[in-house]
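Working notes, beginning with the structure itself.
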Number of protein chains: 2
Amino acid sequence: VLDRRDGPGIGALTASPEQTFLALVGDWREARPSGALLCGMVGSRNGWVEAPYAPCPADAAAITRRIVHVEADGLPVAIVPGLSCVNPLGGPDVMRGEETQILGAMALHPELKQGRQLLALPGTHTKWVVVEDGLITCFLTAPVGEVFALLRDRSTLASAATGEDHSSPTGFALGLARLAEQGAARLPHLLFETRARQLVDGMARDDALGFLSGLLIGADVAAAADWHGPLDKLTLIGAPALTGLYGAAIAHTGGQSLDVDGDSAVLAGLTALSGQKNSDVHVLA
Amino acid sequence: VLDRRDGPGIGALTASPEQTFLALVGDWREARPSGALLCGMVGSRNGWVEAPYAPCPADAAAITRRIVHVEADGLPVAIVPGLSCVNPLGGPDVMRGEETQILGAMALHPELKQGRQLLALPGTHTKWVVVEDGLITCFLTAPVGEVFALLRDRSTLASAATGEDHSSPTGFALGLARLAEQGAARLPHLLFETRARQLVDGMARDDALGFLSGLLIGADVAAAADWHGPLDKLTLIGAPALTGLYGAAIAHTGGQSLDVDGDSAVLAGLTALSGQKNSDVHVLA
């Protein structure tokens, strides 16, 4: 990696995707790249150009066939499609960006291409992914990070916002324990405890945020175990802080997980999709 | 009822509670009332004056003993306390305002004072309440309305806001059915379906909002049945539109419910607490 730039997410653009792209990395063209490869929301309906979802089951070849090509001031730009599937609960589901991380995790850890694997990519929209012999066969989305952020920032459950958003490990462990003890079906009846513990027991805000996080992540993990069976060989892909929380929740159910760094996975995935390892293709996640 | 005025909730006050009260109903003093009786968030820590929670079990007499008295420009003002308890899941819980509606429902329907009764007061914070021989013994809060409003207005699950927030009955029935079919423990894994159905299947926004509402109310009802047992003799207190949705969810589980109008209940509760039926005490919910 010669250089790295971070730009705004799709919800924070102040110019068109093409203008944003050129403003962010236009100067990279001095190195005469043969093109750029992009993944994620840039290919959504509200992105640069829509790259229609590739249906599961899908592998790198199926995804590559659906790459959409545009130009940015003369530079070829290739946009990776997302995936769609019927999820393990029989409902429709979609992803954008995570398909590239999954391919990257398999490139970094070839043993993930062997047999049936369960992967989880925790985040705003946590993805639970089933891979069979290297094929992404289906996946399921739980909007855990998004619900947590809404409850943290805008609900009465943790209303005494201080601007500092730490979730304490003590609160997190208590949330996991309450969820496990009562069962995941009672999640809606445990959420308000976050507020009541502050009002009645004087629970500190850091502990309340940790408690809320423990309830939500605990419920996500319990729901996954409910349809998948024991989580005894799970691969977690994401930022270490987040995979750490999921790893703790999975260990709490008696499961085991292996971590893959999310940044490394997206880079490895784009490299795999470019099919040109060590070439001069420039990539932008 | 000689007159009725609606004022701002505690989150929307632009003056002190006393000033707001006098601006709203100060002219009622021309009728020479002996005092005013108030319930709800006016007695919270951020209200007019804190009326500390009465612990459960509690009846009208126990609540009356904890009424807090202040004055508004010479007029005696009595503020009804809320209730606290250890809820059916062993956690702390609190309510403010609903205790008055519960007493009102028992005044309107004296058969609710006989034996063990389960009541539900759907709303921003739905309360599930156990009453035994007229004593409020414990209750549990589920922030269903608050979570629904956050997901409706601020999440990516139903993002194409049009300013009109109708939840279709078709969508609601589908949400209830999906939740029942998959089980309440899978709620976190069903929520994202609201978005995926719009993206992939072209589900309309009204249907998506109904679907979300069906999932959340279905999960609340399932969780209540999980700790309480069959909901075969439940009393619903609230606005008819909301008790109707809960009634449908309860019927979907094979249960039965009786509706009590929430407005009538709060008035009957304040009347019961004033102990002065047909007197000139003025009440403000």
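Chains: A, B, ... in order of the structure tokens. Residues: from 1 per chain. Ligands: from 1, in order shown.
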
Inset, instruction - Provide as a VMD selection string the residues of chain B at most 8 Å from chain A, counting only C-alpha atoms. - result: chain B and resid 89 91 to 94 140 to 144 146 to 147 150 to 151 154 to 155 182 to 193 196 to 197 200 to 201 219 to 220 222 to 224 226

Inset, instruction - Compile the contact shell of stretch 65-72 of chain B as a PyMOL selection string: residues with an atom at most 9 Å away, counting only C-alpha atoms, same-chain residues fewer than 6 positions apart removed. - result: chain B and resi 18-19+21-22+35+43+48-54+78-81

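Put simply, atom CA of B:Thr14 is 12.7 Å away from atom CA of B:Gly47.
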
Name all residues at most 7 Å from stretch 202-207 of chain B (count only C-alpha atoms; drop same-chain ones fewer than 5 positions away) and give them as an mmCIF file with C-alpha atoms, in the first residue's frame.
data_model
loop_
_atom_site.group_PDB
_atom_site.id
_atom_site.type_symbol
_atom_site.label_atom_id
_atom_site.label_comp_id
_atom_site.auth_asym_id
_atom_site.auth_seq_id
_atom_site.Cartn_x
_atom_site.Cartn_y
_atom_site.Cartn_z
ATOM 1 C CA ALA B 158 -37.573 2.777 6.443
ATOM 2 C CA HIS B 166 -49.131 5.366 7.806
ATOM 3 C CA SER B 167 -48.596 1.752 8.784
ATOM 4 C CA SER B 168 -50.618 -0.476 6.523
ATOM 5 C CA THR B 170 -51.313 -5.644 5.334
ATOM 6 C CA GLY B 171 -47.728 -4.874 6.370
ATOM 7 C CA ARG B 197 -38.153 -6.050 1.172
#

Inset, instruction - For stretch 230-244 of chain B, work out the shell of residues within 6 Å, counting only C-alpha atoms and skipping chain neighbours fewer than 4 positions away, then give it as a ChimeraX atom specification. - result: /B:118-121,225,255-262

Atoms to include: N, CA and C atoms. Write the selected residues as a compact mmCIF listing (two decimals), in the first residue's frame.
# COMPACT_ATOMS: atom_id res chain seq x y z
N LEU B 118 -53.83 -9.41 34.40
CA LEU B 118 -52.74 -8.83 33.61
C LEU B 118 -53.30 -7.69 32.78
N LEU B 119 -52.65 -6.53 32.90
CA LEU B 119 -53.04 -5.35 32.14
C LEU B 119 -51.87 -4.94 31.26
N ALA B 120 -52.16 -4.34 30.12
CA ALA B 120 -51.09 -3.77 29.30
C ALA B 120 -51.49 -2.36 28.89
N LEU B 121 -50.54 -1.45 28.98
CA LEU B 121 -50.77 -0.06 28.58
C LEU B 121 -49.78 0.27 27.45
N ALA B 225 -45.99 -13.17 26.87
CA ALA B 225 -46.52 -14.53 27.01
C ALA B 225 -45.44 -15.48 27.53
N GLY B 255 -54.71 -15.40 22.18
CA GLY B 255 -55.20 -14.75 23.39
C GLY B 255 -56.42 -13.88 23.15
N GLN B 256 -56.91 -13.29 24.23
CA GLN B 256 -58.09 -12.42 24.16
C GLN B 256 -57.85 -11.20 25.01
N SER B 257 -58.38 -10.05 24.60
CA SER B 257 -58.19 -8.85 25.39
C SER B 257 -59.44 -7.98 25.39
N LEU B 258 -59.54 -7.20 26.46
CA LEU B 258 -60.63 -6.24 26.64
C LEU B 258 -60.02 -4.85 26.61
N ASP B 259 -60.63 -3.91 25.89
CA ASP B 259 -60.08 -2.56 25.78
C ASP B 259 -60.70 -1.59 26.79
N VAL B 260 -59.86 -0.77 27.40
CA VAL B 260 -60.32 0.36 28.22
C VAL B 260 -59.70 1.62 27.62
N ASP B 261 -60.51 2.63 27.35
CA ASP B 261 -60.01 3.87 26.76
C ASP B 261 -59.06 4.58 27.72
N GLY B 262 -57.88 4.91 27.25
CA GLY B 262 -56.84 5.50 28.10
C GLY B 262 -57.22 6.85 28.68

Inset, instruction - Considering only C-alpha atoms, state which residue in the set A:Thr64, A:Ser213, A:Gln101, A:Ser264 is at the smallest distance from A:Arg152. - result: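 Of A:Thr64, A:Ser213, A:Gln101, A:Ser264, the one nearest A:Arg152, counting only C-alpha atoms, is A:Ser213.
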
Name the residues of stretch 12-238 of chain B that fall into strand (DSSP E or B) according to DSSP on the backbone, using the chain letters and numbers of this document, as a compact mmCIF listing (two decimals) with N, CA and C atoms, in the first residue's frame.
# COMPACT_ATOMS: atom_id res chain seq x y z
N ALA B 36 -55.57 21.41 42.70
CA ALA B 36 -55.35 20.68 41.45
C ALA B 36 -54.62 19.38 41.77
N LEU B 37 -54.90 18.35 40.99
CA LEU B 37 -54.26 17.04 41.18
C LEU B 37 -53.60 16.67 39.85
N LEU B 38 -52.29 16.43 39.87
CA LEU B 38 -51.52 16.19 38.65
C LEU B 38 -50.84 14.83 38.72
N ALA B 54 -43.49 5.30 44.66
CA ALA B 54 -44.01 4.41 45.70
C ALA B 54 -43.64 2.99 45.29
N PRO B 55 -43.09 2.20 46.21
CA PRO B 55 -42.71 0.83 45.83
C PRO B 55 -43.94 -0.09 45.75
N ALA B 58 -48.63 -1.80 45.61
CA ALA B 58 -49.24 -0.52 45.96
C ALA B 58 -50.69 -0.49 45.49
N VAL B 68 -47.29 14.42 46.70
CA VAL B 68 -46.46 15.57 47.10
C VAL B 68 -47.24 16.86 46.84
N HIS B 69 -47.18 17.78 47.81
CA HIS B 69 -47.99 19.00 47.71
C HIS B 69 -47.12 20.22 47.47
N VAL B 70 -47.50 21.01 46.48
CA VAL B 70 -46.84 22.30 46.22
C VAL B 70 -47.95 23.36 46.05
N GLU B 71 -47.55 24.55 45.67
CA GLU B 71 -48.53 25.63 45.45
C GLU B 71 -48.22 26.31 44.13
N ALA B 72 -49.26 26.75 43.44
CA ALA B 72 -49.09 27.54 42.22
C ALA B 72 -49.80 28.86 42.43
N LEU B 75 -52.59 28.44 44.78
CA LEU B 75 -53.49 27.28 44.61
C LEU B 75 -52.78 26.00 45.04
N PRO B 76 -53.38 25.21 45.94
CA PRO B 76 -52.75 23.93 46.30
C PRO B 76 -52.70 22.99 45.10
N VAL B 77 -51.52 22.43 44.88
CA VAL B 77 -51.32 21.49 43.77
C VAL B 77 -50.77 20.19 44.35
N ALA B 78 -51.46 19.07 44.07
CA ALA B 78 -51.03 17.76 44.57
C ALA B 78 -50.49 16.95 43.39
N ILE B 79 -49.31 16.33 43.58
CA ILE B 79 -48.67 15.60 42.49
C ILE B 79 -48.57 14.11 42.85
N LEU B 83 -44.58 4.68 40.38
CA LEU B 83 -44.34 3.43 41.10
C LEU B 83 -42.99 2.85 40.68
N SER B 84 -42.37 2.13 41.62
CA SER B 84 -41.19 1.34 41.29
C SER B 84 -41.45 -0.11 41.69
N CYS B 85 -40.72 -1.03 41.11
CA CYS B 85 -40.87 -2.44 41.48
C CYS B 85 -39.66 -3.23 41.03
N VAL B 86 -39.57 -4.46 41.47
CA VAL B 86 -38.72 -5.46 40.82
C VAL B 86 -39.62 -6.16 39.82
N PRO B 92 -34.99 -3.86 37.92
CA PRO B 92 -35.72 -2.70 38.43
C PRO B 92 -36.64 -2.14 37.35
N ASP B 93 -37.73 -1.53 37.77
CA ASP B 93 -38.63 -0.91 36.79
C ASP B 93 -39.36 0.26 37.43
N VAL B 94 -39.82 1.18 36.59
CA VAL B 94 -40.50 2.38 37.07
C VAL B 94 -41.63 2.77 36.11
N MET B 95 -42.62 3.49 36.65
CA MET B 95 -43.67 4.09 35.81
C MET B 95 -44.09 5.43 36.43
N ARG B 116 -56.11 -12.38 40.13
CA ARG B 116 -54.90 -11.94 39.43
C ARG B 116 -55.27 -11.46 38.03
N GLN B 117 -54.83 -10.26 37.70
CA GLN B 117 -55.15 -9.67 36.41
C GLN B 117 -53.87 -9.23 35.72
N LEU B 118 -53.83 -9.41 34.40
CA LEU B 118 -52.74 -8.83 33.61
C LEU B 118 -53.30 -7.69 32.78
N LEU B 119 -52.65 -6.53 32.90
CA LEU B 119 -53.04 -5.35 32.14
C LEU B 119 -51.87 -4.94 31.26
N ALA B 120 -52.16 -4.34 30.12
CA ALA B 120 -51.09 -3.77 29.30
C ALA B 120 -51.49 -2.36 28.89
N LEU B 121 -50.54 -1.45 28.98
CA LEU B 121 -50.77 -0.06 28.58
C LEU B 121 -49.78 0.27 27.45
N THR B 126 -44.45 0.80 26.61
CA THR B 126 -45.54 -0.11 26.95
C THR B 126 -45.30 -0.70 28.34
N LYS B 127 -46.35 -0.70 29.17
CA LYS B 127 -46.27 -1.29 30.51
C LYS B 127 -47.12 -2.55 30.55
N TRP B 128 -46.55 -3.61 31.05
CA TRP B 128 -47.28 -4.84 31.36
C TRP B 128 -47.41 -4.90 32.87
N VAL B 129 -48.63 -5.03 33.39
CA VAL B 129 -48.88 -4.81 34.82
C VAL B 129 -49.63 -5.99 35.41
N VAL B 130 -49.14 -6.49 36.53
CA VAL B 130 -49.84 -7.55 37.26
C VAL B 130 -50.56 -6.92 38.46
N VAL B 131 -51.87 -7.13 38.54
CA VAL B 131 -52.69 -6.64 39.66
C VAL B 131 -53.27 -7.85 40.37
N GLU B 132 -53.10 -7.89 41.69
CA GLU B 132 -53.65 -9.03 42.44
C GLU B 132 -54.58 -8.50 43.53
N LEU B 135 -54.29 -4.89 44.21
CA LEU B 135 -52.94 -4.37 44.48
C LEU B 135 -52.10 -4.46 43.20
N ILE B 136 -51.41 -3.37 42.87
CA ILE B 136 -50.45 -3.43 41.76
C ILE B 136 -49.19 -4.09 42.31
N THR B 137 -48.93 -5.34 41.91
CA THR B 137 -47.83 -6.08 42.55
C THR B 137 -46.51 -5.93 41.79
N CYS B 138 -46.56 -5.91 40.47
CA CYS B 138 -45.34 -5.64 39.71
C CYS B 138 -45.71 -5.30 38.29
N PHE B 139 -44.71 -4.82 37.55
CA PHE B 139 -44.96 -4.43 36.16
C PHE B 139 -43.64 -4.46 35.41
N LEU B 140 -43.74 -4.37 34.10
CA LEU B 140 -42.56 -4.43 33.25
C LEU B 140 -42.73 -3.47 32.07
N THR B 141 -41.66 -2.78 31.72
CA THR B 141 -41.71 -1.78 30.65
C THR B 141 -40.97 -2.27 29.41
N ALA B 142 -41.58 -2.08 28.26
CA ALA B 142 -40.91 -2.35 26.97
C ALA B 142 -41.03 -1.08 26.12
N LEU B 234 -56.63 -10.55 29.14
CA LEU B 234 -55.79 -9.37 29.27
C LEU B 234 -56.63 -8.11 29.10
N THR B 235 -56.33 -7.07 29.89
CA THR B 235 -56.99 -5.78 29.72
C THR B 235 -56.00 -4.79 29.11
N LEU B 236 -56.40 -4.19 28.00
CA LEU B 236 -55.56 -3.20 27.31
C LEU B 236 -56.08 -1.81 27.60
N ILE B 237 -55.21 -0.93 28.08
CA ILE B 237 -55.61 0.45 28.40
C ILE B 237 -54.81 1.38 27.50
N GLY B 238 -55.49 2.20 26.73
CA GLY B 238 -54.77 3.13 25.87
C GLY B 238 -55.66 3.74 24.81

Legend entry - Selection: 12 Å around B:Gly269, only C-alpha atoms, excl. self and same-chain fewer than 4 positions, as number ranges by chain: B: 37-40, 59-60, 63-64, 80, 97-109, 262-265, 273-277, 283-285
